[in-house]
file entry_27.pdb (PDB, C-alpha atoms and all ligand atoms)
ATOM      1  CA  MET Z 612      71.538 140.931 101.364  1.00  0.00           C
ATOM      2  CA  VAL Z 613      72.125 144.136 103.435  1.00  0.00           C
ATOM      3  CA  ALA Z 614      74.600 142.247 105.712  1.00  0.00           C
ATOM      4  CA  PHE Z 615      76.444 140.925 102.591  1.00  0.00           C
ATOM      5  CA  THR Z 616      76.652 144.390 100.965  1.00  0.00           C
ATOM      6  CA  ALA Z 617      77.813 145.958 104.304  1.00  0.00           C
ATOM      7  CA  MET Z 618      80.591 143.323 104.566  1.00  0.00           C
ATOM      8  CA  VAL Z 619      81.794 143.955 100.994  1.00  0.00           C
ATOM      9  CA  ILE Z 620      81.694 147.784 101.340  1.00  0.00           C
ATOM     10  CA  SER Z 621      83.724 147.909 104.521  1.00  0.00           C
ATOM     11  CA  SER Z 622      86.361 145.420 103.380  1.00  0.00           C
ATOM     12  CA  CYS Z 623      86.999 146.680  99.825  1.00  0.00           C
ATOM     13  CA  GLU Z 624      87.716 143.084  98.840  1.00  0.00           C
ATOM     14  CA  SER Z 625      88.581 142.748  95.114  1.00  0.00           C
ATOM     15  CA  LYS Z 626      90.809 140.320  93.286  1.00  0.00           C
ATOM     16  CA  GLU Z 627      91.106 142.182  89.973  1.00  0.00           C
ATOM     17  CA  ALA Z 628      94.623 142.776  88.722  1.00  0.00           C
ATOM     18  CA  LEU Z 629      95.877 146.340  88.774  1.00  0.00           C
ATOM     19  CA  PRO Z 630      96.183 147.416  85.118  1.00  0.00           C
ATOM     20  CA  VAL Z 631      99.589 148.668  84.037  1.00  0.00           C
ATOM     21  CA  ILE Z 632      99.439 152.442  83.747  1.00  0.00           C
ATOM     22  CA  ALA Z 633     102.278 154.420  82.193  1.00  0.00           C
ATOM     23  CA  LEU Z 634     103.870 156.344  85.039  1.00  0.00           C
ATOM     24  CA  PRO Z 635     104.794 160.004  84.539  1.00  0.00           C
ATOM     25  CA  SER Z 636     108.539 159.958  83.810  1.00  0.00           C
ATOM     26  CA  ASN Z 637     109.306 161.817  87.038  1.00  0.00           C
ATOM     27  CA  CYS Z 638     107.334 159.428  89.278  1.00  0.00           C
ATOM     28  CA  ASP Z 639     109.937 157.751  91.534  1.00  0.00           C
ATOM     29  CA  THR Z 640     108.425 154.700  93.284  1.00  0.00           C
ATOM     30  CA  THR Z 641     111.685 153.487  94.877  1.00  0.00           C
ATOM     31  CA  HIS Z 642     112.734 153.547  98.566  1.00  0.00           C
ATOM     32  CA  LEU Z 643     109.304 154.795  99.692  1.00  0.00           C
ATOM     33  CA  THR Z 644     108.699 155.205 103.415  1.00  0.00           C
ATOM     34  CA  TYR Z 645     105.805 156.619 105.434  1.00  0.00           C
ATOM     35  CA  ASN Z 646     107.923 159.401 106.937  1.00  0.00           C
ATOM     36  CA  GLY Z 647     109.661 159.950 103.593  1.00  0.00           C
ATOM     37  CA  GLY Z 648     106.620 161.117 101.634  1.00  0.00           C
ATOM     38  CA  ILE Z 649     103.788 158.598 101.874  1.00  0.00           C
ATOM     39  CA  ASP Z 650     102.514 160.507 104.940  1.00  0.00           C
ATOM     40  CA  SER Z 651     101.893 163.649 102.908  1.00  0.00           C
ATOM     41  CA  ILE Z 652      99.965 161.722 100.219  1.00  0.00           C
ATOM     42  CA  ILE Z 653      97.819 159.987 102.866  1.00  0.00           C
ATOM     43  CA  ASN Z 654      97.254 163.239 104.764  1.00  0.00           C
ATOM     44  CA  THR Z 655      96.089 165.129 101.668  1.00  0.00           C
ATOM     45  CA  GLN Z 656      94.176 162.327  99.931  1.00  0.00           C
ATOM     46  CA  CYS Z 657      92.775 160.040 102.650  1.00  0.00           C
ATOM     47  CA  ALA Z 658      93.084 161.463 106.186  1.00  0.00           C
ATOM     48  CA  VAL Z 659      91.027 164.531 105.272  1.00  0.00           C
ATOM     49  CA  SER Z 660      88.051 165.995 107.138  1.00  0.00           C
ATOM     50  CA  GLY Z 661      85.029 163.688 107.032  1.00  0.00           C
ATOM     51  CA  CYS Z 662      87.101 160.714 105.891  1.00  0.00           C
ATOM     52  CA  HIS Z 663      90.023 158.772 107.484  1.00  0.00           C
ATOM     53  CA  VAL Z 664      90.308 160.976 110.556  1.00  0.00           C
ATOM     54  CA  PRO Z 665      89.170 160.209 114.095  1.00  0.00           C
ATOM     55  CA  ARG Z 666      85.343 160.385 114.164  1.00  0.00           C
ATOM     56  CA  GLY Z 667      85.582 160.884 110.393  1.00  0.00           C
ATOM     57  CA  GLY Z 668      82.691 159.634 108.235  1.00  0.00           C
ATOM     58  CA  ALA Z 669      80.751 156.383 107.881  1.00  0.00           C
ATOM     59  CA  GLY Z 670      83.106 154.365 110.061  1.00  0.00           C
ATOM     60  CA  ALA Z 671      86.260 154.965 108.006  1.00  0.00           C
ATOM     61  CA  ALA Z 672      89.377 153.986 109.938  1.00  0.00           C
ATOM     62  CA  SER Z 673      91.668 156.835 111.042  1.00  0.00           C
ATOM     63  CA  PHE Z 674      94.878 157.110 108.983  1.00  0.00           C
ATOM     64  CA  THR Z 675      96.328 160.159 110.772  1.00  0.00           C
ATOM     65  CA  THR Z 676      99.227 158.139 112.246  1.00  0.00           C
ATOM     66  CA  TYR Z 677     101.510 155.353 111.002  1.00  0.00           C
ATOM     67  CA  ALA Z 678     100.217 153.204 113.876  1.00  0.00           C
ATOM     68  CA  GLY Z 679      96.627 153.668 112.715  1.00  0.00           C
ATOM     69  CA  LEU Z 680      97.477 153.104 109.061  1.00  0.00           C
ATOM     70  CA  SER Z 681      99.944 150.196 109.211  1.00  0.00           C
ATOM     71  CA  SER Z 682      97.438 147.417 109.954  1.00  0.00           C
ATOM     72  CA  TYR Z 683      95.594 148.370 106.743  1.00  0.00           C
ATOM     73  CA  ALA Z 684      98.872 148.607 104.795  1.00  0.00           C
ATOM     74  CA  SER Z 685     100.491 145.340 105.805  1.00  0.00           C
ATOM     75  CA  GLY Z 686     100.195 142.082 103.858  1.00  0.00           C
ATOM     76  CA  GLY Z 687     101.304 143.126 100.380  1.00  0.00           C
ATOM     77  CA  LYS Z 688      98.653 142.333  97.750  1.00  0.00           C
ATOM     78  CA  SER Z 689      96.162 141.261 100.440  1.00  0.00           C
ATOM     79  CA  ALA Z 690      96.507 144.534 102.369  1.00  0.00           C
ATOM     80  CA  GLN Z 691      93.199 146.400 102.513  1.00  0.00           C
ATOM     81  CA  ILE Z 692      94.823 149.560 101.210  1.00  0.00           C
ATOM     82  CA  TYR Z 693      96.104 147.641  98.176  1.00  0.00           C
ATOM     83  CA  THR Z 694      92.732 146.044  97.376  1.00  0.00           C
ATOM     84  CA  CYS Z 695      90.935 149.341  98.006  1.00  0.00           C
ATOM     85  CA  LEU Z 696      93.044 151.165  95.422  1.00  0.00           C
ATOM     86  CA  MET Z 697      92.367 148.603  92.679  1.00  0.00           C
ATOM     87  CA  TYR Z 698      90.609 149.526  89.452  1.00  0.00           C
ATOM     88  CA  GLY Z 699      87.330 147.686  89.053  1.00  0.00           C
ATOM     89  CA  ASN Z 700      86.742 147.590  92.811  1.00  0.00           C
ATOM     90  CA  PRO Z 701      83.190 148.990  93.128  1.00  0.00           C
ATOM     91  CA  TYR Z 702      84.216 150.508  96.483  1.00  0.00           C
ATOM     92  CA  ARG Z 703      87.510 151.851  95.230  1.00  0.00           C
ATOM     93  CA  MET Z 704      89.351 154.482  97.224  1.00  0.00           C
ATOM     94  CA  PRO Z 705      89.579 157.402  97.251  1.00  0.00           C
ATOM     95  CA  ASN Z 706      85.814 157.368  96.822  1.00  0.00           C
ATOM     96  CA  VAL Z 707      86.014 161.174  96.508  1.00  0.00           C
ATOM     97  CA  ALA Z 708      89.368 162.096  94.953  1.00  0.00           C
ATOM     98  CA  GLN Z 709      90.858 165.166  96.649  1.00  0.00           C
ATOM     99  CA  PRO Z 710      92.472 167.989  94.683  1.00  0.00           C
ATOM    100  CA  GLY Z 711      95.804 166.853  93.217  1.00  0.00           C
ATOM    101  CA  TRP Z 712      95.136 163.085  93.297  1.00  0.00           C
ATOM    102  CA  ASN Z 713      97.107 161.484  90.427  1.00  0.00           C
ATOM    103  CA  THR Z 714      98.423 158.177  89.101  1.00  0.00           C
ATOM    104  CA  CYS Z 715     101.846 158.823  90.624  1.00  0.00           C
ATOM    105  CA  ASP Z 716     100.265 159.080  94.102  1.00  0.00           C
ATOM    106  CA  LEU Z 717      98.310 155.877  93.394  1.00  0.00           C
ATOM    107  CA  ASP Z 718     101.414 154.004  92.281  1.00  0.00           C
ATOM    108  CA  LYS Z 719     103.545 155.302  95.151  1.00  0.00           C
ATOM    109  CA  ILE Z 720     101.024 154.080  97.758  1.00  0.00           C
ATOM    110  CA  THR Z 721     100.626 150.684  96.071  1.00  0.00           C
ATOM    111  CA  GLN Z 722     104.412 150.229  95.659  1.00  0.00           C
ATOM    112  CA  TRP Z 723     104.934 151.262  99.313  1.00  0.00           C
ATOM    113  CA  VAL Z 724     102.431 148.599 100.376  1.00  0.00           C
ATOM    114  CA  LEU Z 725     104.181 145.999  98.171  1.00  0.00           C
ATOM    115  CA  ASP Z 726     107.504 147.004  99.781  1.00  0.00           C
ATOM    116  CA  GLY Z 727     106.034 146.113 103.195  1.00  0.00           C
ATOM    117  CA  ALA Z 728     104.834 149.606 104.178  1.00  0.00           C
ATOM    118  CA  PRO Z 729     108.068 150.730 105.921  1.00  0.00           C
ATOM    119  CA  GLN Z 730     107.789 153.638 108.380  1.00  0.00           C
TER     120      GLN Z 730
HETATM  121  C1  LIG I 801      93.981 157.344  98.754  1.00  0.00           C
HETATM  122  C2  LIG I 801      93.193 157.682  99.814  1.00  0.00           C
HETATM  123  C3  LIG I 801      92.388 156.637 100.559  1.00  0.00           C
HETATM  124  C4  LIG I 801      92.747 155.369 100.916  1.00  0.00           C
HETATM  125  C5  LIG I 801      94.105 154.680 100.724  1.00  0.00           C
HETATM  126  C6  LIG I 801      91.574 154.759 101.544  1.00  0.00           C
HETATM  127  C7  LIG I 801      91.548 153.453 102.032  1.00  0.00           C
HETATM  128  C8  LIG I 801      90.444 152.853 102.607  1.00  0.00           C
HETATM  129  C9  LIG I 801      90.434 151.520 103.197  1.00  0.00           C
HETATM  130  C10 LIG I 801      91.644 150.601 103.292  1.00  0.00           C
HETATM  131  C11 LIG I 801      89.168 151.270 103.634  1.00  0.00           C
HETATM  132  C12 LIG I 801      88.660 150.007 104.351  1.00  0.00           C
HETATM  133  C13 LIG I 801      88.996 150.141 105.822  1.00  0.00           C
HETATM  134  C14 LIG I 801      87.979 151.047 106.542  1.00  0.00           C
HETATM  135  O1  LIG I 801      86.866 150.558 106.745  1.00  0.00           O
HETATM  136  O2  LIG I 801      88.319 152.214 106.836  1.00  0.00           O
HETATM  137  C15 LIG I 801      88.386 152.446 103.336  1.00  0.00           C
HETATM  138  C16 LIG I 801      87.034 152.582 103.678  1.00  0.00           C
HETATM  139  C17 LIG I 801      86.384 153.796 103.619  1.00  0.00           C
HETATM  140  N1  LIG I 801      86.878 155.021 103.178  1.00  0.00           N
HETATM  141 FE1  LIG I 801      88.685 155.311 102.318  1.00  0.00          FE
HETATM  142  N2  LIG I 801      90.536 155.654 101.561  1.00  0.00           N
HETATM  143  C18 LIG I 801      90.980 156.803 100.974  1.00  0.00           C
HETATM  144  C19 LIG I 801      90.251 157.971 100.795  1.00  0.00           C
HETATM  145  C20 LIG I 801      88.986 158.190 101.313  1.00  0.00           C
HETATM  146  C21 LIG I 801      88.280 159.461 101.252  1.00  0.00           C
HETATM  147  C22 LIG I 801      88.828 160.738 100.607  1.00  0.00           C
HETATM  148  C23 LIG I 801      87.071 159.277 101.889  1.00  0.00           C
HETATM  149  C24 LIG I 801      85.946 160.265 102.097  1.00  0.00           C
HETATM  150  C25 LIG I 801      85.502 161.021 101.090  1.00  0.00           C
HETATM  151  C26 LIG I 801      87.033 157.889 102.335  1.00  0.00           C
HETATM  152  C27 LIG I 801      85.961 157.319 102.997  1.00  0.00           C
HETATM  153  C28 LIG I 801      85.902 155.961 103.323  1.00  0.00           C
HETATM  154  C29 LIG I 801      84.700 155.327 103.901  1.00  0.00           C
HETATM  155  C30 LIG I 801      83.387 156.027 104.231  1.00  0.00           C
HETATM  156  C31 LIG I 801      85.009 153.972 104.053  1.00  0.00           C
HETATM  157  C32 LIG I 801      84.066 152.852 104.487  1.00  0.00           C
HETATM  158  C33 LIG I 801      84.139 152.619 105.946  1.00  0.00           C
HETATM  159  C34 LIG I 801      83.183 151.427 106.297  1.00  0.00           C
HETATM  160  O3  LIG I 801      82.150 151.270 105.639  1.00  0.00           O
HETATM  161  O4  LIG I 801      83.543 150.695 107.185  1.00  0.00           O
HETATM  162  N3  LIG I 801      88.214 157.260 101.977  1.00  0.00           N
HETATM  163  N4  LIG I 801      89.174 153.391 102.699  1.00  0.00           N
END
call {"tool": "encode", "arguments": {"input": "entry_27.pdb", "output": "structure tokens", "more": "lines below"}}
Ligand code: HEM
result
Amino acid sequence: MVAFTAMVISSCESKEALPVIALPSNCDTTHLTYNGGIDSIINTQCAVSGCHVPRGGAGAASFTTYAGLSSYASGGKSAQIYTCLMYGNPYRMPNVAQPGWNTCDLDKITQWVLDGAPQ
């Protein structure tokens, strides 16, 4: 049972569909790139102290570089970052939302992953 729970927690596996959420009118989810804005969302919402930084917390992978992030962002709907951001996922990320986290950030990261996570 412990081994099963550990496997589920660390993989964020969930197959639930992402509900459609009305985007704020000024939320542009086109032509997203890591260097063109996704980096600042990741650096303020995920790669924060105690979380997705080197030697962060509880074994979380480091997302401080594109190289460290891209393996978790590739694969479209099966990418770990995509499944981890899904509603209904009991281990949904961010597990502790940082100041300023909003649906536009959520939709930009998920659209970037669906676009193939370009650098
Ligand atoms: C939108 C921001 C975030 C995203 C996209 C994200 C994404 C992910 C992903 C893909 C995983 C599974 C891969 C791994 O094991 O590292 C994960 C696990 C984890 N994340 Fe996050 N995360 C975010 C924010 C946070 C924050 C703010 C914290 C700390 C408060 C955090 C703590 C963790 C921990 C502890 C794990 C489990 C590591 C394990 O058990 O192996 N994450 N997250």
call {"tool": "residues_near_point", "arguments": {"input": "entry_27.pdb", "point": "(107.2, 162.0, 103.4)", "cutoff": "12 Å", "atoms": "only C-alpha atoms", "output": "ChimeraX atom specification"}}
result
/Z:642-655,677,716,719-720,723,729-730
call {"tool": "closest_residue", "arguments": {"input": "entry_27.pdb", "among": "Z:Thr676, Z:Ser681, Z:Gln656, Z:Gln722", "to": "ligand LIG 801 (chain I)", "atoms": "all atoms listed in the file"}}
result
Z:Gln656
call {"tool": "closest_residue", "arguments": {"input": "entry_27.pdb", "among": "Z:Gly727, Z:Gly670, Z:Pro665, Z:Gly679", "to": "ligand LIG 801 (chain I)", "atoms": "all atoms listed in the file"}}
result
Z:Gly670
call {"tool": "residues_near_ligand", "arguments": {"input": "entry_27.pdb", "ligand": "ligand LIG 801 (chain I)", "cutoff": "10 Å", "atoms": "all atoms listed in the file", "output": "number ranges by chain"}}
result
Z: 616-624, 652-664, 667-674, 680, 682-684, 690-696, 702-709, 712-713, 716-717, 720-721
call {"tool": "atom_distance", "arguments": {"input": "entry_27.pdb", "atom1": "CA of Leu725 in chain Z", "atom2": "CA of Lys688 in chain Z"}}
result
6.6 Å
call {"tool": "residues_around", "arguments": {"input": "entry_27.pdb", "residues": "Cys715 in chain Z", "least_positions_apart": "3", "cutoff": "9 Å", "atoms": "all atoms listed in the file", "output": "PyMOL selection string"}}
result
chain Z and resi 634-635+637-640+712+718-720
call {"tool": "axis_aligned_box", "arguments": {"input": "entry_27.pdb", "around": "range 655-667 of chain Z", "padding_each_side": "6 Å", "output": "JSON"}}
result
{"center_x": 90.6, "center_y": 162.4, "center_z": 107.0, "size_x": 23.1, "size_y": 19.2, "size_z": 26.2}
